Amino acid sequence: RRRTMATRDALAAFCAASARDDDATSLADDVALAEIARAIADGARAVLDVVVDLEGFLTATEPKPRARATEILAHVAEECAMTLDDRAVRTLSAFFASRLSDFASTASAARGAEALVKRANAEAIEATSRALFAECDVQGLRQSDREACVRLAIEMLRSAHAGACARGAGDGEPNEALARIIGAFDGEKDPRCVLGLCEVWTLLPGAFERFGEGGKAVYEENAEELYDVAASYFPVSFKPPRGDSIKISRRQLAEAVERAMTASPTFAPWAVAHALESLNPELGPGKMADAARAVRAMGERFGASVMEEYMGIVWQAMRAALAHPNATKMEEDDDVQATTPMAVMTTMFASEFTRGALARAALTDQCVRDAEVTLRRMANDSSSDDVDGACAMETSDEGCCGGGCGGGSKSSGEEAARGKLVVATASRVLGAVAAATPTLAHEVIHGTLKSLLDAAKIPREIDGLHSSKAAYLALILATPALGGALDCCERNAESSVHMSVLDDESERLVGLFADAALGKIESPSFDEGIVLGLAGLHMLCKFPYRFGLASAESRVAVASKLFDAMMAQHENESEADIEVRVERSIDALVAAASGADAKLVDAMSTGAVARLADKVTVTNLQTVEATRAIRALCALAAVNQMIRNDVARLFCGVVRDAIEIGSPNAEDLVSAMCRDDDGVLTRFVSSDEAQRACADLTTFCLARDPATTAESTVRVVASAVANCDDATQARFAAEAVALSREKPLMACAVICGLRPQAAFEATHMVAALDELTRSRGDRGFSMFVAAAVGSATHKFPSVDFAPPMEDLTDERTTFVLGACLRARAMRRDDSSPSDALVSCLVRALDDSSSPEASRGAAMALSMAVGFSAAHRDIGLGLKSSTHASEKFLACQRFFTKVAPTLIKGAYEAVGAKRLSRSYAVVKLASGVAPSVALSSQFNLFPLLPDVLHALTVGTLAGDDDAVRAALLLVGARLAEPALYDAGSEGATEQNAVALIDALCAIATATSTMSMECREHALDALVAASTLKFSAVYPSRRRALDAAVVACDDPKRRVRRAAARARQVWLKLMTST
């Protein structure tokens, strides 16, 4: 009884809420609905009892009580659908059907009926369908109600009683059923409802097949009208609005419309032609790709027998589309699956529904025949043979081609342009077909392309003479065909079937592209032929194993020709063209060395790599050829371990010879060996020979007179030691103590290169470090000493070395402390020595008697999160290439540990102490993301104006790294609202005047600030214009004047930023 009373109270509470003006459901409503559903599920109340209790509300004259009461029953149906007895299901189904025509209750009734579809029998489904399509004016409802009705229709059409749904829609008459269904959904505009409509259209064919007598025939008779409803949304032009919360993409809508357009094969007479109308290049790549997908889907769903009669018009539309530049442009969608229309059309050549008809049509198309005639004509130099300029086909049985071959032209220029157009069209067709399957790629290369190259009289030998006037056109023809074949083979690289798509055409293609790369083929512009040739050789090198070059001769030749193309010297070639040629040649060599074709890699090693190595000798390091060879060898070493071993051995030997004879020309070679990103020794060698070469170079350098040791020698020795084996490293580590006294730079190099597991006496290492820190030298020497201390601190925790901390005005001390701090931060050292070191530096910041010591402490603290470009040598032993490692988020962890202390001290202090702590935390923030540094827990932003002012015209001037860090923080805060701290609202506006003044000073300081800093300052000025008008009003004239002055900056990047700043501040100047 208590449960009954509780349920009645819940019903009354929910329905009483109908007096509210809004339609929102409150927490009390949710509790009431849950209580009602639980009572029915537990059997405490029967559905009929609830209906009786709701009688007064269900029969009310006001719409809201009826809607609220219906909503209760809909919630019961949704929560208890599977537990209700059959009688309750029938009762509720009939009730919901009767309420579909009540506009106030339609949405709830549709939801309730949808929940009961799986339990309802055929009679109930038929009654509900009749009510939905005959009695309910769906298009007259609001969007949410229409969407509920669409979902109900979908659920009924998906059910086992889909035929009953169709019968109910027309009271047993199929014609009437179709008319009512079309009337219910035709004209829908909302994208959410359109998605549902498309789903309904895909389900209708099955429903009318189960309709009964005449259902299928009537559906087929009305197919055109049904198709028109779906086709009205194609092509899809929908673009989600900014800030869209519905999250329906254009691609999602297009796919739904595509399914509706291909719902039934009876749509084919209208669907194919309609979709092909949108395969129009003028509509843009997005709609072209949609049209191609739609045609492909029609073929897959309609079947080959239906599509057979349409293959002709499909190919005609595809040919026109493939010939247009839009075919190769990406769709405009912000979608990871966005592609080009050509990529979609390519898949159609391999589709089963075409039965090869599309590929045959493409390869025998008139454009291909025209290209063959054009190539033959150009190869035969028809201008001397055909005085009247007649078409070459006029004398054949086929008759004139209609002008496509270029015959009959009035001038050689017109003939060449027309011939290029014909060949380019055919090349795009061949490329599209070749990209479909390896079989088709083989057919294109060995069938069509082969005959076309024969017509152009392209020699089959690699070193044949390509003197034909058609050679340039052959390049244009072969490049897309080869590119399509490459795309196809890369997609099928993991398949079990492997076949060389090039086969016996390998030599001819290598020869053709090689001659072009060497500038032997005449082209409209000299560099065009070279670029095409190198592109072709690059593609030949990229083919996966067993798909590409088929003969040893072709593999050797492609490596050799790439070397020749890179080293070639051409008259009147600009520096930019030379750079492009060298870069493309190296890219092609890298493609060959990094591929899975072991035979091609072997050919590279014995061919191009050997010839490149011959160019690197101690006597010619400064020549153009040696520079290019070093560059190429570094690139090859970065992608192939065997080549890296050989190159490391070569470079070590050349560097040793250069040092021995005192040659000053080894700087570039040393850089190539030790660069952080792609140095040869940056990635460790693996062969015994390469490791011995590194050991021999190190031994040689250690034996040299210390007076002749250059900084570059220190770097290369550190990298060489890092590549030695364990036994050799142990030997060098044992020599470190003696070296620290006699040859301190070499001792630094050895310590930097040691592995963490290197074997040595800890006391000897401490002695060596102590000796090094007491040694005197120039700034470079001090940085290498710091590098050795940092390396030992990071890699060998057992080495208990206490760095000197007495004189922070001495740059040497700053370097050593910074290196130690960086080393400990990298391994997230929380020990007491690490804390003591940080505390010492923090205390030094407050030393107002010595500003130099404060700046030194700030610099040492900043090194904990990374080294600037000027101090990169301090990190020599703290790189992965010298066996150091950094734990995850080490910099961020150090910042969050130290920054609060610094910021708190800054807010508590005044004058120089406040500035020194603020300066330190800004430098420390340079090593973490702005989102971390500007987090609300730190409250760093209010300190930035004073720091910027001091860095610009105050006591801290000259620190470019700190200026850059501060500007990045300011720009990030102003440009990203998410970084604003709600707890300090208004802090940005309060500091606006000081910030803008500092930014203006930096933006116009051409002589003292770097280009990057000036550009960042102007970008921050642009972001500052978005602050409240009252905050920027006092500074708007100052900001505009600074932007105008910066428009005359000598650097283009700064001028562009200044133009943006001038535009926004000029607008503020005119505001009232």
# chains A, B, ... in the order shown; residues from 1 in each chain; ligands from 1
$ residues_around --residues "Leu453 (chain A)" --least-positions-apart "6" --cutoff "12 Å" --atoms "only C-alpha atoms" --output "mmCIF file with N, CA, C and O atoms, in the first residue's frame"
data_model
loop_
_atom_site.group_PDB
_atom_site.id
_atom_site.type_symbol
_atom_site.label_atom_id
_atom_site.label_comp_id
_atom_site.auth_asym_id
_atom_site.auth_seq_id
_atom_site.Cartn_x
_atom_site.Cartn_y
_atom_site.Cartn_z
ATOM 1 N N ALA A 371 47.418 9.965 -78.305
ATOM 2 C CA ALA A 371 48.761 10.117 -77.757
ATOM 3 C C ALA A 371 49.769 9.299 -78.567
ATOM 4 O O ALA A 371 50.882 9.764 -78.840
ATOM 5 N N GLU A 372 49.392 8.100 -78.966
ATOM 6 C CA GLU A 372 50.298 7.268 -79.763
ATOM 7 C C GLU A 372 50.607 7.922 -81.099
ATOM 8 O O GLU A 372 51.765 7.952 -81.541
ATOM 9 N N VAL A 373 49.575 8.478 -81.752
ATOM 10 C CA VAL A 373 49.792 9.147 -83.043
ATOM 11 C C VAL A 373 50.683 10.371 -82.856
ATOM 12 O O VAL A 373 51.590 10.630 -83.658
ATOM 13 N N THR A 374 50.436 11.116 -81.776
ATOM 14 C CA THR A 374 51.239 12.308 -81.508
ATOM 15 C C THR A 374 52.698 11.946 -81.284
ATOM 16 O O THR A 374 53.609 12.585 -81.827
ATOM 17 N N LEU A 375 52.947 10.928 -80.471
ATOM 18 C CA LEU A 375 54.323 10.520 -80.199
ATOM 19 C C LEU A 375 55.021 10.032 -81.455
ATOM 20 O O LEU A 375 56.192 10.346 -81.699
ATOM 21 N N ARG A 376 54.307 9.271 -82.262
ATOM 22 C CA ARG A 376 54.910 8.777 -83.502
ATOM 23 C C ARG A 376 55.232 9.935 -84.442
ATOM 24 O O ARG A 376 56.284 9.962 -85.089
ATOM 25 N N MET A 378 55.831 13.089 -83.600
ATOM 26 C CA MET A 378 56.966 13.852 -83.082
ATOM 27 C C MET A 378 58.270 13.091 -83.250
ATOM 28 O O MET A 378 59.313 13.676 -83.544
ATOM 29 N N ALA A 379 58.217 11.771 -83.052
ATOM 30 C CA ALA A 379 59.431 10.965 -83.196
ATOM 31 C C ALA A 379 59.933 10.964 -84.630
ATOM 32 O O ALA A 379 61.140 10.908 -84.889
ATOM 33 N N VAL A 423 49.039 14.184 -74.690
ATOM 34 C CA VAL A 423 49.810 13.194 -73.940
ATOM 35 C C VAL A 423 49.513 13.298 -72.441
ATOM 36 O O VAL A 423 49.409 12.282 -71.741
ATOM 37 N N VAL A 444 49.353 -1.934 -67.785
ATOM 38 C CA VAL A 444 49.600 -0.570 -68.246
ATOM 39 C C VAL A 444 51.048 -0.408 -68.689
ATOM 40 O O VAL A 444 51.329 0.136 -69.764
ATOM 41 N N ILE A 445 51.990 -0.869 -67.831
ATOM 42 C CA ILE A 445 53.409 -0.679 -68.132
ATOM 43 C C ILE A 445 53.830 -1.528 -69.323
ATOM 44 O O ILE A 445 54.528 -1.052 -70.233
ATOM 45 N N HIS A 446 53.388 -2.802 -69.326
ATOM 46 C CA HIS A 446 53.858 -3.727 -70.353
ATOM 47 C C HIS A 446 53.032 -3.720 -71.616
ATOM 48 O O HIS A 446 53.481 -4.239 -72.637
ATOM 49 N N GLY A 447 51.851 -3.184 -71.523
ATOM 50 C CA GLY A 447 51.003 -3.137 -72.699
ATOM 51 C C GLY A 447 50.941 -1.753 -73.294
ATOM 52 O O GLY A 447 51.636 -1.426 -74.272
ATOM 53 N N PRO A 459 64.638 4.311 -76.867
ATOM 54 C CA PRO A 459 65.468 3.094 -76.905
ATOM 55 C C PRO A 459 65.210 2.198 -75.696
ATOM 56 O O PRO A 459 64.892 2.673 -74.601
ATOM 57 N N ARG A 460 65.355 0.916 -75.879
ATOM 58 C CA ARG A 460 65.159 -0.036 -74.801
ATOM 59 C C ARG A 460 66.411 -0.170 -73.937
ATOM 60 O O ARG A 460 66.352 -0.713 -72.836
ATOM 61 N N HIS A 466 68.475 9.351 -76.494
ATOM 62 C CA HIS A 466 67.103 9.855 -76.502
ATOM 63 C C HIS A 466 67.063 11.204 -77.226
ATOM 64 O O HIS A 466 66.798 12.249 -76.638
ATOM 65 N N SER A 468 65.052 11.831 -79.763
ATOM 66 C CA SER A 468 63.743 12.044 -80.372
ATOM 67 C C SER A 468 63.073 13.274 -79.788
ATOM 68 O O SER A 468 63.177 13.560 -78.601
ATOM 69 N N ALA A 470 60.123 13.435 -79.306
ATOM 70 C CA ALA A 470 59.035 12.920 -78.477
ATOM 71 C C ALA A 470 59.507 12.502 -77.095
ATOM 72 O O ALA A 470 58.686 12.098 -76.268
ATOM 73 N N ALA A 471 60.809 12.611 -76.796
ATOM 74 C CA ALA A 471 61.317 12.140 -75.514
ATOM 75 C C ALA A 471 60.704 12.922 -74.348
ATOM 76 O O ALA A 471 60.361 12.350 -73.309
ATOM 77 N N TYR A 472 60.567 14.241 -74.527
ATOM 78 C CA TYR A 472 59.962 15.045 -73.459
ATOM 79 C C TYR A 472 58.511 14.637 -73.233
ATOM 80 O O TYR A 472 58.063 14.503 -72.083
ATOM 81 N N LEU A 473 57.763 14.395 -74.306
ATOM 82 C CA LEU A 473 56.380 13.944 -74.167
ATOM 83 C C LEU A 473 56.330 12.555 -73.540
ATOM 84 O O LEU A 473 55.403 12.238 -72.787
ATOM 85 N N ALA A 474 57.328 11.731 -73.838
ATOM 86 C CA ALA A 474 57.375 10.407 -73.213
ATOM 87 C C ALA A 474 57.563 10.525 -71.699
ATOM 88 O O ALA A 474 57.019 9.736 -70.925
ATOM 89 N N LEU A 475 58.343 11.514 -71.270
ATOM 90 C CA LEU A 475 58.485 11.765 -69.833
ATOM 91 C C LEU A 475 57.142 12.114 -69.202
ATOM 92 O O LEU A 475 56.775 11.588 -68.146
ATOM 93 N N ILE A 476 56.423 13.022 -69.839
ATOM 94 C CA ILE A 476 55.118 13.428 -69.322
ATOM 95 C C ILE A 476 54.172 12.242 -69.265
ATOM 96 O O ILE A 476 53.347 12.125 -68.354
ATOM 97 N N LEU A 477 54.299 11.350 -70.225
ATOM 98 C CA LEU A 477 53.423 10.179 -70.275
ATOM 99 C C LEU A 477 53.790 9.148 -69.211
ATOM 100 O O LEU A 477 52.922 8.585 -68.537
ATOM 101 N N ALA A 478 55.079 8.897 -69.057
ATOM 102 C CA ALA A 478 55.517 7.803 -68.195
ATOM 103 C C ALA A 478 55.444 8.148 -66.703
ATOM 104 O O ALA A 478 55.234 7.265 -65.873
ATOM 105 N N GLU A 505 60.695 -3.689 -68.951
ATOM 106 C CA GLU A 505 60.705 -2.256 -69.248
ATOM 107 C C GLU A 505 61.596 -1.498 -68.266
ATOM 108 O O GLU A 505 61.702 -0.271 -68.350
ATOM 109 N N ARG A 508 64.555 0.440 -69.973
ATOM 110 C CA ARG A 508 64.112 1.570 -70.785
ATOM 111 C C ARG A 508 63.681 2.744 -69.899
ATOM 112 O O ARG A 508 64.023 3.894 -70.190
ATOM 113 N N LEU A 509 62.931 2.470 -68.827
ATOM 114 C CA LEU A 509 62.474 3.548 -67.956
ATOM 115 C C LEU A 509 63.640 4.196 -67.222
ATOM 116 O O LEU A 509 63.669 5.429 -67.053
ATOM 117 N N LEU A 512 65.370 6.446 -69.774
ATOM 118 C CA LEU A 512 64.594 7.636 -70.106
ATOM 119 C C LEU A 512 64.688 8.675 -68.990
ATOM 120 O O LEU A 512 65.004 9.852 -69.232
#
$ closest_residue --among "A:Pro797, A:Pro191, A:Gly212, A:Pro325" --to "Pro174 (chain A)" --atoms "only C-alpha atoms"
A:Gly212
$ select_by_dssp --residues "region 408-642 of chain A" --states "helix (DSSP H, G or I)" --output "number ranges by chain"
A: 412-434, 438-455, 471-491, 506-517, 526-542, 552-567, 575-594, 598-615, 624-637, 641-642
$ atom_distance --atom1 "CA of Thr708 (chain A)" --atom2 "CA of Ser663 (chain A)"
11.4 Å
$ residues_around --residues "Asp186 (chain A)" --least-positions-apart "5" --cutoff "12 Å" --atoms "only C-alpha atoms" --output "list in words"
Asp137, Val138, Gln139, Gly140, Leu178, Ala179, Arg180, Ile181, Cys193, Val194, Leu197, Cys198, Val200, Trp201, Glu225, Leu226, Tyr227, Asp228, Val229, Ala230, Ala231, Ser232 and Tyr233 of chain A
$ write_last_selection --atoms "N, CA, C and O atoms" --output "PDB file, in the first residue's frame"
ATOM      1  N   ASP A 137       0.834  14.521 -39.129  1.00  0.00           N
ATOM      2  CA  ASP A 137       1.465  15.418 -40.102  1.00  0.00           C
ATOM      3  C   ASP A 137       2.925  15.618 -39.689  1.00  0.00           C
ATOM      4  O   ASP A 137       3.267  16.562 -38.971  1.00  0.00           O
ATOM      5  N   VAL A 138       3.766  14.718 -40.151  1.00  0.00           N
ATOM      6  CA  VAL A 138       5.156  14.715 -39.694  1.00  0.00           C
ATOM      7  C   VAL A 138       5.864  16.016 -40.040  1.00  0.00           C
ATOM      8  O   VAL A 138       6.557  16.616 -39.203  1.00  0.00           O
ATOM      9  N   GLN A 139       5.732  16.479 -41.260  1.00  0.00           N
ATOM     10  CA  GLN A 139       6.447  17.692 -41.674  1.00  0.00           C
ATOM     11  C   GLN A 139       5.916  18.949 -40.999  1.00  0.00           C
ATOM     12  O   GLN A 139       6.531  20.011 -41.097  1.00  0.00           O
ATOM     13  N   GLY A 140       4.781  18.863 -40.337  1.00  0.00           N
ATOM     14  CA  GLY A 140       4.259  20.003 -39.614  1.00  0.00           C
ATOM     15  C   GLY A 140       4.751  20.098 -38.187  1.00  0.00           C
ATOM     16  O   GLY A 140       4.379  21.031 -37.468  1.00  0.00           O
ATOM     17  N   LEU A 178       3.198   4.125 -50.417  1.00  0.00           N
ATOM     18  CA  LEU A 178       4.344   4.884 -50.923  1.00  0.00           C
ATOM     19  C   LEU A 178       4.060   6.377 -50.901  1.00  0.00           C
ATOM     20  O   LEU A 178       4.912   7.187 -50.538  1.00  0.00           O
ATOM     21  N   ALA A 179       2.845   6.744 -51.304  1.00  0.00           N
ATOM     22  CA  ALA A 179       2.496   8.162 -51.336  1.00  0.00           C
ATOM     23  C   ALA A 179       2.567   8.772 -49.941  1.00  0.00           C
ATOM     24  O   ALA A 179       3.070   9.891 -49.752  1.00  0.00           O
ATOM     25  N   ARG A 180       2.067   8.059 -48.942  1.00  0.00           N
ATOM     26  CA  ARG A 180       2.079   8.599 -47.594  1.00  0.00           C
ATOM     27  C   ARG A 180       3.493   8.656 -47.008  1.00  0.00           C
ATOM     28  O   ARG A 180       3.850   9.619 -46.300  1.00  0.00           O
ATOM     29  N   ILE A 181       4.298   7.634 -47.289  1.00  0.00           N
ATOM     30  CA  ILE A 181       5.675   7.632 -46.770  1.00  0.00           C
ATOM     31  C   ILE A 181       6.466   8.775 -47.407  1.00  0.00           C
ATOM     32  O   ILE A 181       7.206   9.503 -46.719  1.00  0.00           O
ATOM     33  N   CYS A 193      17.424  14.851 -39.237  1.00  0.00           N
ATOM     34  CA  CYS A 193      16.280  14.134 -39.803  1.00  0.00           C
ATOM     35  C   CYS A 193      16.611  13.561 -41.177  1.00  0.00           C
ATOM     36  O   CYS A 193      16.094  12.505 -41.558  1.00  0.00           O
ATOM     37  N   VAL A 194      17.489  14.243 -41.925  1.00  0.00           N
ATOM     38  CA  VAL A 194      17.889  13.730 -43.234  1.00  0.00           C
ATOM     39  C   VAL A 194      18.636  12.411 -43.068  1.00  0.00           C
ATOM     40  O   VAL A 194      18.462  11.472 -43.865  1.00  0.00           O
ATOM     41  N   LEU A 197      15.945   9.928 -42.612  1.00  0.00           N
ATOM     42  CA  LEU A 197      15.237   9.706 -43.879  1.00  0.00           C
ATOM     43  C   LEU A 197      16.016   8.755 -44.781  1.00  0.00           C
ATOM     44  O   LEU A 197      15.441   7.833 -45.395  1.00  0.00           O
ATOM     45  N   CYS A 198      17.326   8.967 -44.871  1.00  0.00           N
ATOM     46  CA  CYS A 198      18.154   8.102 -45.725  1.00  0.00           C
ATOM     47  C   CYS A 198      18.133   6.660 -45.226  1.00  0.00           C
ATOM     48  O   CYS A 198      18.116   5.719 -46.034  1.00  0.00           O
ATOM     49  N   VAL A 200      15.602   5.273 -43.636  1.00  0.00           N
ATOM     50  CA  VAL A 200      14.283   4.767 -44.030  1.00  0.00           C
ATOM     51  C   VAL A 200      14.296   4.315 -45.487  1.00  0.00           C
ATOM     52  O   VAL A 200      13.764   3.248 -45.830  1.00  0.00           O
ATOM     53  N   TRP A 201      14.916   5.104 -46.351  1.00  0.00           N
ATOM     54  CA  TRP A 201      14.930   4.768 -47.785  1.00  0.00           C
ATOM     55  C   TRP A 201      15.717   3.484 -48.059  1.00  0.00           C
ATOM     56  O   TRP A 201      15.390   2.749 -48.990  1.00  0.00           O
ATOM     57  N   GLU A 225      10.121   8.279 -58.482  1.00  0.00           N
ATOM     58  CA  GLU A 225       9.678   9.233 -57.476  1.00  0.00           C
ATOM     59  C   GLU A 225      10.414   9.007 -56.161  1.00  0.00           C
ATOM     60  O   GLU A 225      10.799   9.958 -55.474  1.00  0.00           O
ATOM     61  N   LEU A 226      10.617   7.734 -55.795  1.00  0.00           N
ATOM     62  CA  LEU A 226      11.367   7.435 -54.579  1.00  0.00           C
ATOM     63  C   LEU A 226      12.808   7.921 -54.688  1.00  0.00           C
ATOM     64  O   LEU A 226      13.369   8.489 -53.739  1.00  0.00           O
ATOM     65  N   TYR A 227      13.401   7.702 -55.856  1.00  0.00           N
ATOM     66  CA  TYR A 227      14.783   8.133 -56.025  1.00  0.00           C
ATOM     67  C   TYR A 227      14.895   9.654 -55.952  1.00  0.00           C
ATOM     68  O   TYR A 227      15.862  10.187 -55.385  1.00  0.00           O
ATOM     69  N   ASP A 228      13.916  10.349 -56.485  1.00  0.00           N
ATOM     70  CA  ASP A 228      13.969  11.808 -56.481  1.00  0.00           C
ATOM     71  C   ASP A 228      14.044  12.379 -55.066  1.00  0.00           C
ATOM     72  O   ASP A 228      14.674  13.412 -54.833  1.00  0.00           O
ATOM     73  N   VAL A 229      13.371  11.713 -54.129  1.00  0.00           N
ATOM     74  CA  VAL A 229      13.428  12.202 -52.743  1.00  0.00           C
ATOM     75  C   VAL A 229      14.854  12.159 -52.220  1.00  0.00           C
ATOM     76  O   VAL A 229      15.364  13.131 -51.637  1.00  0.00           O
ATOM     77  N   ALA A 230      15.542  11.016 -52.400  1.00  0.00           N
ATOM     78  CA  ALA A 230      16.931  10.897 -51.931  1.00  0.00           C
ATOM     79  C   ALA A 230      17.869  11.765 -52.755  1.00  0.00           C
ATOM     80  O   ALA A 230      18.798  12.383 -52.218  1.00  0.00           O
ATOM     81  N   ALA A 231      17.611  11.823 -54.072  1.00  0.00           N
ATOM     82  CA  ALA A 231      18.515  12.556 -54.957  1.00  0.00           C
ATOM     83  C   ALA A 231      18.473  14.056 -54.735  1.00  0.00           C
ATOM     84  O   ALA A 231      19.399  14.770 -55.129  1.00  0.00           O
ATOM     85  N   SER A 232      17.427  14.543 -54.092  1.00  0.00           N
ATOM     86  CA  SER A 232      17.328  15.994 -53.883  1.00  0.00           C
ATOM     87  C   SER A 232      18.423  16.508 -52.953  1.00  0.00           C
ATOM     88  O   SER A 232      18.678  17.709 -52.909  1.00  0.00           O
ATOM     89  N   TYR A 233      19.071  15.628 -52.204  1.00  0.00           N
ATOM     90  CA  TYR A 233      20.141  16.041 -51.291  1.00  0.00           C
ATOM     91  C   TYR A 233      21.525  15.859 -51.906  1.00  0.00           C
ATOM     92  O   TYR A 233      22.531  16.114 -51.233  1.00  0.00           O
TER      93      TYR A 233
END
$ closest_residue --among "A:Glu490, A:Asp770, A:Asp1019, A:Asp961" --to "Ala802 (chain A)" --atoms "only C-alpha atoms"
A:Asp770
$ atom_distance --atom1 "CA of Ile154 (chain A)" --atom2 "CA of Ala41 (chain A)"
26.9 Å
$ residues_around --residues "Cys820 (chain A)" --least-positions-apart "2" --cutoff "8 Å" --atoms "only C-alpha atoms" --output "list in words"
Ala786, Val789, Gly790, Thr793, His794, Pro803, Val816, Leu817, Gly818, Arg822, Ala823 and Arg824 of chain A
$ residues_around --residues "Ala788 (chain A)" --least-positions-apart "2" --cutoff "7 Å" --atoms "only C-alpha atoms" --output "VMD selection string"
chain A and resid 748 751 to 752 784 to 786 790 to 792 877
$ write_last_selection --atoms "N, CA and C atoms" --output "PDB file, in the first residue's frame"
ATOM      1  N   CYS A 748      87.729  15.708 -21.137  1.00  0.00           N
ATOM      2  CA  CYS A 748      86.304  16.079 -21.205  1.00  0.00           C
ATOM      3  C   CYS A 748      85.588  15.262 -22.276  1.00  0.00           C
ATOM      4  N   ILE A 751      85.066  11.591 -21.074  1.00  0.00           N
ATOM      5  CA  ILE A 751      84.026  11.462 -20.043  1.00  0.00           C
ATOM      6  C   ILE A 751      82.642  11.657 -20.651  1.00  0.00           C
ATOM      7  N   CYS A 752      82.505  12.578 -21.583  1.00  0.00           N
ATOM      8  CA  CYS A 752      81.194  12.816 -22.217  1.00  0.00           C
ATOM      9  C   CYS A 752      80.721  11.608 -23.020  1.00  0.00           C
ATOM     10  N   PHE A 784      83.175  22.887 -22.072  1.00  0.00           N
ATOM     11  CA  PHE A 784      83.494  21.456 -22.182  1.00  0.00           C
ATOM     12  C   PHE A 784      83.753  20.843 -20.807  1.00  0.00           C
ATOM     13  N   VAL A 785      84.372  21.614 -19.914  1.00  0.00           N
ATOM     14  CA  VAL A 785      84.554  21.117 -18.544  1.00  0.00           C
ATOM     15  C   VAL A 785      83.196  20.893 -17.890  1.00  0.00           C
ATOM     16  N   ALA A 786      82.301  21.859 -18.059  1.00  0.00           N
ATOM     17  CA  ALA A 786      80.951  21.700 -17.512  1.00  0.00           C
ATOM     18  C   ALA A 786      80.252  20.492 -18.121  1.00  0.00           C
ATOM     19  N   GLY A 790      78.712  17.448 -15.987  1.00  0.00           N
ATOM     20  CA  GLY A 790      77.307  17.077 -16.144  1.00  0.00           C
ATOM     21  C   GLY A 790      77.136  15.644 -16.593  1.00  0.00           C
ATOM     22  N   SER A 791      77.986  15.195 -17.515  1.00  0.00           N
ATOM     23  CA  SER A 791      77.910  13.818 -17.997  1.00  0.00           C
ATOM     24  C   SER A 791      78.178  12.829 -16.862  1.00  0.00           C
ATOM     25  N   ALA A 792      79.214  13.081 -16.083  1.00  0.00           N
ATOM     26  CA  ALA A 792      79.538  12.177 -14.972  1.00  0.00           C
ATOM     27  C   ALA A 792      78.443  12.195 -13.907  1.00  0.00           C
ATOM     28  N   GLY A 877      77.655  15.812 -23.170  1.00  0.00           N
ATOM     29  CA  GLY A 877      77.555  14.474 -22.573  1.00  0.00           C
ATOM     30  C   GLY A 877      76.171  14.136 -22.069  1.00  0.00           C
TER      31      GLY A 877
END
$ atom_distance --atom1 "CA of Ser935 (chain A)" --atom2 "CA of Leu967 (chain A)"
16.4 Å
$ residues_around --residues "Phe302 (chain A)" --least-positions-apart "2" --cutoff "8 Å" --atoms "only C-alpha atoms" --output "compact mmCIF listing (two decimals) with N, CA, C and O atoms, in the first residue's frame"
# COMPACT_ATOMS: atom_id res chain seq x y z
N THR A 262 21.35 4.35 -53.47
CA THR A 262 21.66 3.01 -53.99
C THR A 262 20.84 1.93 -53.28
O THR A 262 21.23 0.77 -53.24
N SER A 264 18.06 0.51 -54.06
CA SER A 264 17.43 -0.51 -54.92
C SER A 264 18.00 -0.44 -56.33
O SER A 264 18.22 0.66 -56.85
N PRO A 265 18.21 -1.58 -56.96
CA PRO A 265 18.68 -1.57 -58.36
C PRO A 265 17.70 -0.90 -59.31
O PRO A 265 18.09 -0.50 -60.41
N ALA A 268 18.61 2.50 -60.84
CA ALA A 268 19.74 2.64 -61.76
C ALA A 268 19.49 3.57 -62.94
O ALA A 268 20.35 4.39 -63.28
N MET A 298 26.93 2.38 -56.36
CA MET A 298 25.87 1.85 -57.22
C MET A 298 26.31 0.55 -57.88
O MET A 298 25.55 -0.43 -57.94
N GLY A 299 27.55 0.54 -58.35
CA GLY A 299 28.04 -0.69 -58.96
C GLY A 299 28.12 -1.83 -57.98
O GLY A 299 27.76 -2.97 -58.28
N GLU A 300 28.59 -1.54 -56.76
CA GLU A 300 28.73 -2.60 -55.76
C GLU A 300 27.38 -3.14 -55.29
O GLU A 300 27.26 -4.32 -54.97
N ALA A 304 26.93 -6.25 -61.35
CA ALA A 304 27.50 -6.11 -62.69
C ALA A 304 26.46 -6.17 -63.79
O ALA A 304 26.55 -5.47 -64.80
N SER A 305 25.46 -7.04 -63.64
CA SER A 305 24.45 -7.19 -64.69
C SER A 305 23.66 -5.91 -64.89
O SER A 305 23.30 -5.56 -66.03
N VAL A 306 23.37 -5.19 -63.82
CA VAL A 306 22.63 -3.93 -63.94
C VAL A 306 23.53 -2.83 -64.50
O VAL A 306 23.10 -2.03 -65.34
N MET A 307 24.78 -2.78 -64.05
CA MET A 307 25.67 -1.69 -64.43
C MET A 307 26.28 -1.85 -65.81
O MET A 307 26.86 -0.90 -66.35
